[in-house]
$ cat entry_21.pdb   # PDB, C-alpha atoms and all ligand atoms
MODEL        1
ATOM      1  CA  MET A   1      -4.527  26.262   5.120
ATOM      2  CA  GLU A   2      -3.452  29.557   6.616
ATOM      3  CA  MET A   3      -2.469  28.057   9.970
ATOM      4  CA  SER A   4       1.190  28.088  10.939
ATOM      5  CA  HIS A   5       2.445  24.548  11.444
ATOM      6  CA  ARG A   6       3.932  25.796  14.741
ATOM      7  CA  SER A   7       0.613  27.127  16.010
ATOM      8  CA  ASP A   8      -1.089  25.429  18.951
ATOM      9  CA  GLU A   9      -4.071  24.703  16.708
ATOM     10  CA  PHE A  10      -2.060  22.794  14.142
ATOM     11  CA  VAL A  11       0.150  21.017  16.668
ATOM     12  CA  SER A  12      -2.987  19.701  18.337
ATOM     13  CA  ILE A  13      -4.405  18.548  14.945
ATOM     14  CA  ALA A  14      -1.116  16.771  14.183
ATOM     15  CA  THR A  15      -0.886  15.148  17.620
ATOM     16  CA  GLN A  16      -4.493  13.942  17.466
ATOM     17  CA  ALA A  17      -3.977  12.463  13.977
ATOM     18  CA  GLU A  18      -0.958  10.518  15.191
ATOM     19  CA  GLN A  19      -2.793   9.281  18.295
ATOM     20  CA  ASP A  20      -5.801   8.165  16.232
ATOM     21  CA  LEU A  21      -3.542   6.222  13.855
ATOM     22  CA  ARG A  22      -1.774   4.674  16.859
ATOM     23  CA  ASP A  23      -5.151   3.612  18.263
ATOM     24  CA  LEU A  24      -6.373   2.247  14.923
ATOM     25  CA  LEU A  25      -3.307   0.091  14.319
ATOM     26  CA  ASN A  26      -2.318  -0.610  17.939
ATOM     27  CA  ILE A  27       1.116   0.818  17.250
ATOM     28  CA  PRO A  28       3.520  -0.190  20.043
ATOM     29  CA  SER A  29       5.255   2.620  21.958
ATOM     30  CA  ASN A  30       8.710   1.731  20.602
ATOM     31  CA  TYR A  31       7.631   2.801  17.107
ATOM     32  CA  LYS A  32       7.690   6.377  15.810
ATOM     33  CA  VAL A  33       4.985   7.598  13.441
ATOM     34  CA  LEU A  34       6.306  10.005  10.811
ATOM     35  CA  PHE A  35       4.285  12.144   8.401
ATOM     36  CA  LEU A  36       6.666  12.701   5.476
ATOM     37  CA  GLN A  37       6.609  13.976   1.900
ATOM     38  CA  GLY A  38       7.669  12.719  -1.512
ATOM     39  CA  GLY A  39       5.163   9.868  -1.663
ATOM     40  CA  ALA A  40       5.975   6.191  -1.401
ATOM     41  CA  SER A  41       8.293   6.539  -4.401
ATOM     42  CA  GLN A  42      10.683   8.686  -2.428
ATOM     43  CA  GLN A  43      10.835   5.948   0.207
ATOM     44  CA  PHE A  44      12.338   3.668  -2.433
ATOM     45  CA  ALA A  45      15.511   5.833  -2.164
ATOM     46  CA  GLN A  46      15.076   6.976   1.424
ATOM     47  CA  ILE A  47      15.104   3.399   2.701
ATOM     48  CA  PRO A  48      18.585   2.468   1.405
ATOM     49  CA  LEU A  49      19.941   5.915   2.277
ATOM     50  CA  ASN A  50      18.908   5.293   5.881
ATOM     51  CA  LEU A  51      19.168   1.562   6.315
ATOM     52  CA  LEU A  52      21.541   0.034   3.761
ATOM     53  CA  PRO A  53      25.182   0.433   4.808
ATOM     54  CA  GLU A  54      27.543   1.313   1.949
ATOM     55  CA  ASN A  55      29.042  -2.176   1.763
ATOM     56  CA  GLY A  56      25.939  -3.953   2.953
ATOM     57  CA  SER A  57      23.260  -5.897   1.148
ATOM     58  CA  ALA A  58      19.463  -5.895   1.339
ATOM     59  CA  ASP A  59      16.931  -8.569   0.410
ATOM     60  CA  TYR A  60      13.999  -7.599  -1.796
ATOM     61  CA  ILE A  61      10.953  -9.634  -2.813
ATOM     62  CA  ASP A  62       9.620  -9.024  -6.318
ATOM     63  CA  THR A  63       5.882  -9.507  -6.674
ATOM     64  CA  GLY A  64       5.151  -6.824  -9.259
ATOM     65  CA  ILE A  65       5.630  -3.312 -10.527
ATOM     66  CA  TRP A  66       5.936  -1.517  -7.194
ATOM     67  CA  SER A  67       8.387  -3.990  -5.714
ATOM     68  CA  GLN A  68      10.429  -3.693  -8.910
ATOM     69  CA  LYS A  69      10.533   0.095  -8.626
ATOM     70  CA  ALA A  70      11.801  -0.263  -5.069
ATOM     71  CA  ILE A  71      14.457  -2.744  -6.241
ATOM     72  CA  GLU A  72      15.581  -0.525  -9.103
ATOM     73  CA  GLU A  73      15.979   2.496  -6.855
ATOM     74  CA  ALA A  74      17.731   0.648  -4.013
ATOM     75  CA  SER A  75      20.199  -0.821  -6.528
ATOM     76  CA  ARG A  76      21.535   2.709  -7.066
ATOM     77  CA  TYR A  77      22.724   2.790  -3.457
ATOM     78  CA  GLY A  78      24.038  -0.666  -2.728
ATOM     79  CA  HIS A  79      23.777  -4.369  -3.272
ATOM     80  CA  VAL A  80      20.300  -5.764  -3.666
ATOM     81  CA  ASN A  81      19.582  -9.479  -3.477
ATOM     82  CA  VAL A  82      16.257 -10.365  -5.092
ATOM     83  CA  ALA A  83      15.486 -13.150  -2.653
ATOM     84  CA  ALA A  84      12.267 -14.225  -4.380
ATOM     85  CA  THR A  85      10.321 -13.311  -7.467
ATOM     86  CA  ALA A  86       6.818 -14.021  -8.726
ATOM     87  CA  LYS A  87       8.105 -13.938 -12.319
ATOM     88  CA  PRO A  88       7.985 -17.720 -12.851
ATOM     89  CA  TYR A  89       4.284 -17.483 -11.935
ATOM     90  CA  ASP A  90       3.710 -14.622 -14.411
ATOM     91  CA  TYR A  91       3.027 -12.487 -11.318
ATOM     92  CA  PHE A  92      -0.224 -14.402 -10.774
ATOM     93  CA  ALA A  93       0.979 -16.063  -7.539
ATOM     94  CA  ILE A  94       3.300 -15.263  -4.632
ATOM     95  CA  PRO A  95       6.167 -17.724  -4.113
ATOM     96  CA  GLY A  96       5.900 -19.395  -0.691
ATOM     97  CA  GLN A  97       8.612 -18.530   1.792
ATOM     98  CA  ASN A  98      10.147 -22.014   1.349
ATOM     99  CA  GLU A  99      11.155 -20.816  -2.148
ATOM    100  CA  TRP A 100      12.867 -17.646  -0.854
ATOM    101  CA  ASN A 101      16.592 -17.181  -0.755
ATOM    102  CA  LEU A 102      17.006 -14.795   2.191
ATOM    103  CA  SER A 103      20.510 -13.841   3.319
ATOM    104  CA  LYS A 104      21.381 -13.972   7.016
ATOM    105  CA  ASP A 105      23.405 -10.757   6.895
ATOM    106  CA  ALA A 106      20.846  -8.647   4.977
ATOM    107  CA  ALA A 107      20.363  -5.133   6.363
ATOM    108  CA  TYR A 108      16.614  -5.631   5.877
ATOM    109  CA  VAL A 109      13.992  -7.474   3.828
ATOM    110  CA  HIS A 110      11.670  -5.331   1.703
ATOM    111  CA  TYR A 111       8.361  -6.349   0.144
ATOM    112  CA  ALA A 112       5.062  -4.891  -1.050
ATOM    113  CA  PRO A 113       2.215  -6.697   0.767
ATOM    114  CA  ASN A 114      -0.259  -5.500  -1.874
ATOM    115  CA  GLU A 115       0.728  -4.995  -5.492
ATOM    116  CA  THR A 116      -1.776  -2.348  -6.527
ATOM    117  CA  ILE A 117      -1.528  -2.831 -10.284
ATOM    118  CA  GLY A 118      -1.282  -6.626 -10.489
ATOM    119  CA  GLY A 119      -3.826  -7.245  -7.714
ATOM    120  CA  LEU A 120      -1.556  -9.653  -5.831
ATOM    121  CA  GLU A 121      -1.666  -9.506  -2.031
ATOM    122  CA  PHE A 122       0.124 -11.396   0.731
ATOM    123  CA  GLN A 123      -2.322 -13.035   3.124
ATOM    124  CA  TRP A 124       0.597 -13.766   5.491
ATOM    125  CA  ILE A 125       3.556 -11.909   6.987
ATOM    126  CA  PRO A 126       7.028 -13.133   6.024
ATOM    127  CA  GLU A 127       9.216 -14.504   8.818
ATOM    128  CA  THR A 128      12.617 -12.793   8.796
ATOM    129  CA  GLY A 129      13.988 -13.505  12.275
ATOM    130  CA  ASP A 130      16.273 -10.707  13.460
ATOM    131  CA  VAL A 131      16.430  -9.048  10.042
ATOM    132  CA  PRO A 132      14.055  -6.044   9.981
ATOM    133  CA  LEU A 133      11.070  -6.498   7.677
ATOM    134  CA  LEU A 134      10.062  -3.385   5.688
ATOM    135  CA  ALA A 135       6.690  -3.157   3.960
ATOM    136  CA  ASP A 136       5.283  -0.825   1.332
ATOM    137  CA  MET A 137       1.663  -0.786   2.515
ATOM    138  CA  SER A 138       0.598   2.092   0.264
ATOM    139  CA  SER A 139      -2.478   0.308  -1.001
ATOM    140  CA  ASP A 140      -3.491  -1.922   1.896
ATOM    141  CA  ILE A 141      -2.743  -0.050   5.124
ATOM    142  CA  LEU A 142      -5.821   0.217   7.367
ATOM    143  CA  SER A 143      -7.749  -2.282   5.230
ATOM    144  CA  ARG A 144      -7.499  -4.940   7.970
ATOM    145  CA  PRO A 145      -5.664  -5.450  11.263
ATOM    146  CA  VAL A 146      -1.907  -5.995  11.116
ATOM    147  CA  ASP A 147       0.601  -6.905  13.823
ATOM    148  CA  ILE A 148       2.955  -3.920  13.657
ATOM    149  CA  SER A 149       5.471  -5.596  15.965
ATOM    150  CA  ARG A 150       6.384  -8.011  13.151
ATOM    151  CA  PHE A 151       7.852  -5.129  11.134
ATOM    152  CA  GLY A 152      10.907  -2.916  11.299
ATOM    153  CA  MET A 153       9.099  -0.293   9.266
ATOM    154  CA  ILE A 154       5.842   0.138   7.393
ATOM    155  CA  TYR A 155       5.286   2.989   4.994
ATOM    156  CA  ALA A 156       2.320   4.092   2.932
ATOM    157  CA  GLY A 157       1.604   6.870   0.478
ATOM    158  CA  ALA A 158      -1.568   8.468   1.801
ATOM    159  CA  GLN A 159      -3.737   8.601  -1.273
ATOM    160  CA  LYS A 160      -5.559   5.283  -0.948
ATOM    161  CA  ASN A 161      -6.762   4.542   2.571
ATOM    162  CA  ILE A 162      -5.355   7.535   4.470
ATOM    163  CA  GLY A 163      -6.036  10.883   2.830
ATOM    164  CA  PRO A 164      -4.996  13.147  -0.015
ATOM    165  CA  SER A 165      -1.688  12.776  -1.828
ATOM    166  CA  GLY A 166       1.210  14.841  -0.558
ATOM    167  CA  ILE A 167       1.910  12.827   2.543
ATOM    168  CA  VAL A 168       3.444   9.457   3.294
ATOM    169  CA  VAL A 169       3.136   7.801   6.688
ATOM    170  CA  ASN A 170       6.063   5.832   8.129
ATOM    171  CA  ILE A 171       5.784   3.652  11.195
ATOM    172  CA  ILE A 172       9.353   2.884  12.194
ATOM    173  CA  ARG A 173      10.858   0.922  15.084
ATOM    174  CA  GLU A 174      13.077   3.218  17.140
ATOM    175  CA  ASP A 175      16.230   1.125  16.857
ATOM    176  CA  LEU A 176      16.239   1.776  13.083
ATOM    177  CA  LEU A 177      16.648   5.514  13.579
ATOM    178  CA  GLY A 178      20.069   7.156  13.440
ATOM    179  CA  LYS A 179      21.615   4.859  10.844
ATOM    180  CA  ALA A 180      21.551   7.204   7.835
ATOM    181  CA  ARG A 181      24.570   7.397   5.580
ATOM    182  CA  ALA A 182      26.685  10.555   5.785
ATOM    183  CA  LEU A 183      25.499  11.625   2.343
ATOM    184  CA  CYS A 184      21.803  11.188   3.143
ATOM    185  CA  PRO A 185      20.085  14.559   2.714
ATOM    186  CA  THR A 186      18.969  16.000   6.063
ATOM    187  CA  MET A 187      15.382  16.100   4.810
ATOM    188  CA  LEU A 188      15.480  12.348   4.175
ATOM    189  CA  ASP A 189      17.028  11.257   7.485
ATOM    190  CA  TYR A 190      14.384   9.375   9.490
ATOM    191  CA  LYS A 191      16.008  10.411  12.781
ATOM    192  CA  VAL A 192      15.861  14.097  11.873
ATOM    193  CA  ALA A 193      12.180  13.683  11.029
ATOM    194  CA  ALA A 194      11.516  11.808  14.276
ATOM    195  CA  ASP A 195      13.458  14.297  16.426
ATOM    196  CA  ASN A 196      11.476  17.167  14.908
ATOM    197  CA  GLY A 197       8.019  15.624  15.127
ATOM    198  CA  SER A 198       7.939  15.421  11.287
ATOM    199  CA  MET A 199       8.295  19.218  11.205
ATOM    200  CA  TYR A 200      11.943  19.740  10.268
ATOM    201  CA  ASN A 201      10.500  21.921   7.540
ATOM    202  CA  THR A 202       6.931  22.983   6.821
ATOM    203  CA  PRO A 203       4.832  19.816   6.496
ATOM    204  CA  PRO A 204       1.824  19.464   4.146
ATOM    205  CA  THR A 205      -0.561  20.720   6.812
ATOM    206  CA  LEU A 206      -3.801  20.387   4.855
ATOM    207  CA  ALA A 207      -3.052  16.793   3.834
ATOM    208  CA  TRP A 208      -2.134  15.981   7.448
ATOM    209  CA  TYR A 209      -5.364  17.541   8.736
ATOM    210  CA  LEU A 210      -7.482  15.651   6.199
ATOM    211  CA  SER A 211      -5.688  12.384   7.010
ATOM    212  CA  GLY A 212      -6.628  12.991  10.647
ATOM    213  CA  LEU A 213     -10.288  13.369   9.644
ATOM    214  CA  VAL A 214     -10.104  10.021   7.827
ATOM    215  CA  PHE A 215      -8.653   8.382  10.964
ATOM    216  CA  GLN A 216     -11.569   9.796  12.969
ATOM    217  CA  TRP A 217     -14.039   8.557  10.360
ATOM    218  CA  LEU A 218     -12.484   5.112  10.503
ATOM    219  CA  LYS A 219     -12.798   5.077  14.296
ATOM    220  CA  GLU A 220     -16.470   5.994  13.937
ATOM    221  CA  GLN A 221     -16.918   3.010  11.586
ATOM    222  CA  GLY A 222     -15.681   0.768  14.393
ATOM    223  CA  GLY A 223     -11.987   0.830  13.506
ATOM    224  CA  VAL A 224      -9.874  -1.457  11.398
ATOM    225  CA  GLU A 225     -11.538  -4.693  12.569
ATOM    226  CA  ALA A 226     -14.941  -3.385  11.463
ATOM    227  CA  ILE A 227     -13.743  -2.063   8.104
ATOM    228  CA  ALA A 228     -11.943  -5.374   7.492
ATOM    229  CA  LYS A 229     -15.275  -7.208   7.771
ATOM    230  CA  LEU A 230     -16.806  -4.875   5.175
ATOM    231  CA  ASN A 231     -13.745  -5.182   2.937
ATOM    232  CA  ASP A 232     -13.997  -8.950   3.121
ATOM    233  CA  VAL A 233     -17.642  -8.874   2.009
ATOM    234  CA  LYS A 234     -16.741  -6.470  -0.818
ATOM    235  CA  GLN A 235     -13.909  -8.579  -2.168
ATOM    236  CA  ARG A 236     -15.852 -11.838  -1.901
ATOM    237  CA  THR A 237     -18.852 -10.332  -3.693
ATOM    238  CA  LEU A 238     -16.698  -9.259  -6.620
ATOM    239  CA  TYR A 239     -14.443 -12.318  -6.925
ATOM    240  CA  ASP A 240     -17.359 -14.749  -6.516
ATOM    241  CA  PHE A 241     -19.220 -13.011  -9.301
ATOM    242  CA  ILE A 242     -16.168 -12.970 -11.602
ATOM    243  CA  ASP A 243     -15.375 -16.648 -10.933
ATOM    244  CA  ALA A 244     -18.951 -17.687 -11.710
ATOM    245  CA  SER A 245     -19.169 -15.640 -14.897
ATOM    246  CA  GLY A 246     -18.366 -16.795 -18.424
ATOM    247  CA  LEU A 247     -17.322 -13.335 -19.640
ATOM    248  CA  TYR A 248     -15.018 -12.029 -16.910
ATOM    249  CA  SER A 249     -11.918 -13.600 -15.400
ATOM    250  CA  ASN A 250      -9.278 -12.862 -12.782
ATOM    251  CA  PRO A 251      -5.995 -14.746 -13.207
ATOM    252  CA  ILE A 252      -4.616 -14.446  -9.673
ATOM    253  CA  ASN A 253      -4.068 -17.497  -7.495
ATOM    254  CA  LYS A 254      -7.076 -17.578  -5.160
ATOM    255  CA  SER A 255      -5.045 -17.394  -1.957
ATOM    256  CA  ASP A 256      -2.997 -14.409  -3.218
ATOM    257  CA  ARG A 257      -5.839 -12.164  -4.368
ATOM    258  CA  SER A 258      -5.918  -8.534  -3.358
ATOM    259  CA  TRP A 259      -8.773  -7.272  -1.217
ATOM    260  CA  MET A 260      -8.269  -3.726  -2.456
ATOM    261  CA  ASN A 261      -7.505  -4.040  -6.178
ATOM    262  CA  VAL A 262      -9.456  -6.479  -8.299
ATOM    263  CA  PRO A 263      -8.166  -6.735 -11.869
ATOM    264  CA  PHE A 264     -10.342  -8.542 -14.394
ATOM    265  CA  ARG A 265     -10.490  -9.158 -18.112
ATOM    266  CA  LEU A 266     -13.340  -9.579 -20.540
ATOM    267  CA  ALA A 267     -13.157 -12.718 -22.702
ATOM    268  CA  ASP A 268     -12.945 -10.544 -25.828
ATOM    269  CA  ASP A 269     -10.990  -7.308 -25.450
ATOM    270  CA  ARG A 270     -13.046  -5.704 -28.227
ATOM    271  CA  LEU A 271     -15.725  -5.448 -25.550
ATOM    272  CA  ASP A 272     -13.493  -3.306 -23.314
ATOM    273  CA  LYS A 273     -14.583   0.002 -24.850
ATOM    274  CA  PRO A 274     -18.340  -0.567 -24.719
ATOM    275  CA  PHE A 275     -17.959  -1.997 -21.200
ATOM    276  CA  LEU A 276     -16.168   1.122 -19.990
ATOM    277  CA  ALA A 277     -18.597   3.450 -21.770
ATOM    278  CA  GLY A 278     -21.593   1.760 -20.120
ATOM    279  CA  ALA A 279     -19.857   1.855 -16.744
ATOM    280  CA  ASP A 280     -19.101   5.569 -17.103
ATOM    281  CA  ALA A 281     -22.732   6.241 -17.996
ATOM    282  CA  ARG A 282     -23.746   4.623 -14.692
ATOM    283  CA  GLY A 283     -21.207   6.579 -12.666
ATOM    284  CA  LEU A 284     -18.941   3.538 -12.259
ATOM    285  CA  LEU A 285     -15.674   5.336 -12.922
ATOM    286  CA  ASN A 286     -11.969   4.552 -13.243
ATOM    287  CA  LEU A 287     -12.382   0.885 -14.096
ATOM    288  CA  LYS A 288      -9.763   0.869 -16.836
ATOM    289  CA  GLY A 289      -6.791  -1.284 -15.800
ATOM    290  CA  HIS A 290      -3.308   0.190 -15.536
ATOM    291  CA  ARG A 291      -1.782   0.783 -18.988
ATOM    292  CA  SER A 292       0.975  -1.750 -18.236
ATOM    293  CA  VAL A 293      -1.449  -4.666 -17.786
ATOM    294  CA  GLY A 294      -4.616  -3.631 -19.673
ATOM    295  CA  GLY A 295      -8.057  -5.055 -18.932
ATOM    296  CA  MET A 296     -10.061  -3.669 -16.023
ATOM    297  CA  ARG A 297      -9.334  -3.001 -12.378
ATOM    298  CA  ALA A 298     -11.809  -2.232  -9.621
ATOM    299  CA  SER A 299     -10.079  -0.546  -6.713
ATOM    300  CA  ILE A 300     -12.277  -1.023  -3.686
ATOM    301  CA  TYR A 301     -10.483   0.927  -0.974
ATOM    302  CA  ASN A 302     -12.007   1.671   2.441
ATOM    303  CA  ALA A 303     -13.966   4.616   1.038
ATOM    304  CA  VAL A 304     -15.844   2.418  -1.452
ATOM    305  CA  ASP A 305     -18.848   0.911   0.265
ATOM    306  CA  ILE A 306     -20.681  -2.310  -0.513
ATOM    307  CA  THR A 307     -23.457  -0.518  -2.412
ATOM    308  CA  ALA A 308     -20.879   0.589  -4.992
ATOM    309  CA  VAL A 309     -19.590  -2.971  -5.341
ATOM    310  CA  ASN A 310     -23.162  -4.252  -5.719
ATOM    311  CA  ALA A 311     -23.821  -1.624  -8.391
ATOM    312  CA  LEU A 312     -20.706  -2.735 -10.274
ATOM    313  CA  VAL A 313     -21.683  -6.404 -10.081
ATOM    314  CA  ALA A 314     -25.235  -5.596 -11.261
ATOM    315  CA  TYR A 315     -23.831  -3.705 -14.239
ATOM    316  CA  MET A 316     -21.357  -6.491 -15.053
ATOM    317  CA  ALA A 317     -24.181  -9.037 -15.003
ATOM    318  CA  GLU A 318     -26.337  -6.872 -17.247
ATOM    319  CA  PHE A 319     -23.442  -6.365 -19.689
ATOM    320  CA  GLU A 320     -22.737 -10.090 -19.748
ATOM    321  CA  LYS A 321     -26.380 -10.816 -20.580
ATOM    322  CA  GLU A 322     -26.145  -8.501 -23.568
ATOM    323  CA  HIS A 323     -22.693  -9.429 -24.803
ATOM    324  CA  GLY A 324     -21.739 -12.724 -23.187
TER     325      GLY A 324
HETATM  326  C1  LIG B 401       2.167  -0.207  -3.556
HETATM  327  C2  LIG B 401       2.543   1.165  -4.050
HETATM  328  N1  LIG B 401       3.793   1.612  -3.818
HETATM  329  C3  LIG B 401       4.178   2.828  -4.224
HETATM  330  C4  LIG B 401       3.331   3.673  -4.899
HETATM  331  C5  LIG B 401       3.814   5.020  -5.328
HETATM  332  O1  LIG B 401       3.239   5.968  -4.526
HETATM  333  P1  LIG B 401       3.492   7.543  -4.702
HETATM  334  O2  LIG B 401       2.756   7.960  -5.924
HETATM  335  O3  LIG B 401       2.949   8.102  -3.428
HETATM  336  O4  LIG B 401       4.964   7.749  -4.848
HETATM  337  C6  LIG B 401       2.019   3.252  -5.158
HETATM  338  C7  LIG B 401       1.091   4.146  -5.876
HETATM  339  O5  LIG B 401       0.101   3.772  -6.432
HETATM  340  C8  LIG B 401       1.629   1.975  -4.724
HETATM  341  O6  LIG B 401       0.380   1.531  -4.955
ENDMDL
END

$ encode --input "entry_21.pdb" --output "structure tokens"
Amino acid sequence: MEMSHRSDEFVSIATQAEQDLRDLLNIPSNYKVLFLQGGASQQFAQIPLNLLPENGSADYIDTGIWSQKAIEEASRYGHVNVAATAKPYDYFAIPGQNEWNLSKDAAYVHYAPNETIGGLEFQWIPETGDVPLLADMSSDILSRPVDISRFGMIYAGAQKNIGPSGIVVNIIREDLLGKARALCPTMLDYKVAADNGSMYNTPPTLAWYLSGLVFQWLKEQGGVEAIAKLNDVKQRTLYDFIDASGLYSNPINKSDRSWMNVPFRLADDRLDKPFLAGADARGLLNLKGHRSVGGMRASIYNAVDITAVNALVAYMAEFEKEHG
């Protein structure tokens, strides 16, 4: 924490972290990797400030709370066309691309591949032709392999699968740099960040260092392909149990279910409190769903291993026996 960000020691930590992330995601050489601040929420403004011309228009896909926040913020800076929304499906299913109303002259298309709160995840990458595709991968980056070349930019707040909060990683195709509006703050200009190796000002060095350790850990696990296999077993274990149970349910369309965030409800919400109390007593923590949707949510990020998922399922079965 005392190291200068200009010191050889820190520069080598930063360079290694970037290289490890490049290796993990097979990031092509025409993409820059930026380590920024302000979380994913700041990207909601930074994106239009950099990529939405004053009189231009951008397409956004609404699949839940995080896509809506991005839409709301971008609307402050220019015209936003909501090209598709999951609203008619009560946010339990993702509209197929044949239902989308994309515009040919959009500056970009923005979507959230995994809606962390609703538990809705794309199992496919939208096709947007020459229009750059931007993805908020805050809660699913590094959970499975992804073809970076399909995207104009990917960004992710660190605090799920990368490292501690305080950092956001952007993977941006080089031709999208240098387009910021005149009024865009210097600190928010992607090109300034890229030209300065993400060190235009003092970066969050400790968060960057710890993110690098997570990248090394992930490499030791066999990389993204290997963790994806484990994640698949985890999600199947949990969904299969929920689907077979009479007490618990998950409302999401089976082909749109999130691998990382599994929301579920108990048949009688008066059982929520005793369920959570019993879970806490067993060290199964943070299962309460987001306040906006209620119920329960098991977030099973890369750091949660299968033994934790098995322990949760064993507890859920035991609770169902008693209360079901
Ligand atoms: C998909 C998604 N986007 C954006 C955010 C906001 O991230 P931050 O708190 O880093 O601004 C979150 C946080 O949970 C998220 O899950």

$ closest_residue --input "entry_21.pdb" --among "A:Glu320, A:Asp256, A:Asp232, A:Asp136" --to "ligand LIG 401 (chain B)" --atoms "all atoms listed in the file"
A:Asp136

$ resolve_selection --input "entry_21.pdb" --expression "the PyMOL selection byres (((chain A and resi 30-42) around 7) and not hetatm)" --output "PDB file with C-alpha atoms, keeping the file's coordinate frame"
ATOM      1  CA  GLU A  18      -0.958  10.518  15.191  1.00  0.00           C
ATOM      2  CA  ILE A  27       1.116   0.818  17.250  1.00  0.00           C
ATOM      3  CA  PRO A  28       3.520  -0.190  20.043  1.00  0.00           C
ATOM      4  CA  SER A  29       5.255   2.620  21.958  1.00  0.00           C
ATOM      5  CA  GLN A  43      10.835   5.948   0.207  1.00  0.00           C
ATOM      6  CA  PHE A  44      12.338   3.668  -2.433  1.00  0.00           C
ATOM      7  CA  ALA A  45      15.511   5.833  -2.164  1.00  0.00           C
ATOM      8  CA  GLN A  46      15.076   6.976   1.424  1.00  0.00           C
ATOM      9  CA  SER A 138       0.598   2.092   0.264  1.00  0.00           C
ATOM     10  CA  ALA A 156       2.320   4.092   2.932  1.00  0.00           C
ATOM     11  CA  GLY A 157       1.604   6.870   0.478  1.00  0.00           C
ATOM     12  CA  GLY A 166       1.210  14.841  -0.558  1.00  0.00           C
ATOM     13  CA  ILE A 167       1.910  12.827   2.543  1.00  0.00           C
ATOM     14  CA  VAL A 168       3.444   9.457   3.294  1.00  0.00           C
ATOM     15  CA  VAL A 169       3.136   7.801   6.688  1.00  0.00           C
ATOM     16  CA  ASN A 170       6.063   5.832   8.129  1.00  0.00           C
ATOM     17  CA  ILE A 171       5.784   3.652  11.195  1.00  0.00           C
ATOM     18  CA  ILE A 172       9.353   2.884  12.194  1.00  0.00           C
ATOM     19  CA  ARG A 173      10.858   0.922  15.084  1.00  0.00           C
ATOM     20  CA  GLU A 174      13.077   3.218  17.140  1.00  0.00           C
ATOM     21  CA  ALA A 193      12.180  13.683  11.029  1.00  0.00           C
ATOM     22  CA  ALA A 194      11.516  11.808  14.276  1.00  0.00           C
ATOM     23  CA  SER A 198       7.939  15.421  11.287  1.00  0.00           C
TER      24      SER A 198
END

$ closest_residue --input "entry_21.pdb" --among "A:Tyr200, A:Phe151, A:Trp66, A:Tyr315" --to "ligand LIG 401 (chain B)" --atoms "all atoms listed in the file"
A:Trp66

$ resolve_selection --input "entry_21.pdb" --expression "the PyMOL selection byres (((chain A and resi 137) around 10) and not hetatm)" --output "VMD selection string"
chain A and resid 40 111 to 116 134 to 136 138 to 143 154 to 158 161 169 to 170

$ closest_residue --input "entry_21.pdb" --among "A:Asn50, A:Asn253, A:Ser299, A:Ser57" --to "ligand LIG 401 (chain B)" --atoms "only C-alpha atoms and all ligand atoms"
A:Ser299

$ atom_distance --input "entry_21.pdb" --atom1 "atom CA of A:Asp59" --atom2 "atom CA of A:Gln159"
26.9 Å

$ closest_residue --input "entry_21.pdb" --among "A:Thr128, A:Ser12, A:Asn26, A:Ser67" --to "ligand LIG 401 (chain B)" --atoms "all atoms listed in the file"
A:Ser67

$ atom_distance --input "entry_21.pdb" --atom1 "atom CA of A:Val109" --atom2 "atom CA of A:Ala228"
26.3 Å

$ residues_around --input "entry_21.pdb" --residues "stretch 291-298 of chain A" --least-positions-apart "5" --cutoff "12 Å" --atoms "all atoms listed in the file" --output "MDAnalysis selection string"
chainID A and resid 64:65 90:91 116:119 234:235 238:239 242 248:251 258:273 275:276 279 284:286 304 308:309 312:313 316

$ write_last_selection --input "entry_21.pdb" --atoms "C-alpha atoms" --output "CSV table (one decimal), in the coordinates of the input"
chain,number,residue,atom,x,y,z
A,64,GLY,CA,5.2,-6.8,-9.3
A,65,ILE,CA,5.6,-3.3,-10.5
A,90,ASP,CA,3.7,-14.6,-14.4
A,91,TYR,CA,3.0,-12.5,-11.3
A,116,THR,CA,-1.8,-2.3,-6.5
A,117,ILE,CA,-1.5,-2.8,-10.3
A,118,GLY,CA,-1.3,-6.6,-10.5
A,119,GLY,CA,-3.8,-7.2,-7.7
A,234,LYS,CA,-16.7,-6.5,-0.8
A,235,GLN,CA,-13.9,-8.6,-2.2
A,238,LEU,CA,-16.7,-9.3,-6.6
A,239,TYR,CA,-14.4,-12.3,-6.9
A,242,ILE,CA,-16.2,-13.0,-11.6
A,248,TYR,CA,-15.0,-12.0,-16.9
A,249,SER,CA,-11.9,-13.6,-15.4
A,250,ASN,CA,-9.3,-12.9,-12.8
A,251,PRO,CA,-6.0,-14.7,-13.2
A,258,SER,CA,-5.9,-8.5,-3.4
A,259,TRP,CA,-8.8,-7.3,-1.2
A,260,MET,CA,-8.3,-3.7,-2.5
A,261,ASN,CA,-7.5,-4.0,-6.2
A,262,VAL,CA,-9.5,-6.5,-8.3
A,263,PRO,CA,-8.2,-6.7,-11.9
A,264,PHE,CA,-10.3,-8.5,-14.4
A,265,ARG,CA,-10.5,-9.2,-18.1
A,266,LEU,CA,-13.3,-9.6,-20.5
A,267,ALA,CA,-13.2,-12.7,-22.7
A,268,ASP,CA,-12.9,-10.5,-25.8
A,269,ASP,CA,-11.0,-7.3,-25.4
A,270,ARG,CA,-13.0,-5.7,-28.2
A,271,LEU,CA,-15.7,-5.4,-25.6
A,272,ASP,CA,-13.5,-3.3,-23.3
A,273,LYS,CA,-14.6,0.0,-24.8
A,275,PHE,CA,-18.0,-2.0,-21.2
A,276,LEU,CA,-16.2,1.1,-20.0
A,279,ALA,CA,-19.9,1.9,-16.7
A,284,LEU,CA,-18.9,3.5,-12.3
A,285,LEU,CA,-15.7,5.3,-12.9
A,286,ASN,CA,-12.0,4.6,-13.2
A,304,VAL,CA,-15.8,2.4,-1.5
A,308,ALA,CA,-20.9,0.6,-5.0
A,309,VAL,CA,-19.6,-3.0,-5.3
A,312,LEU,CA,-20.7,-2.7,-10.3
A,313,VAL,CA,-21.7,-6.4,-10.1
A,316,MET,CA,-21.4,-6.5,-15.1
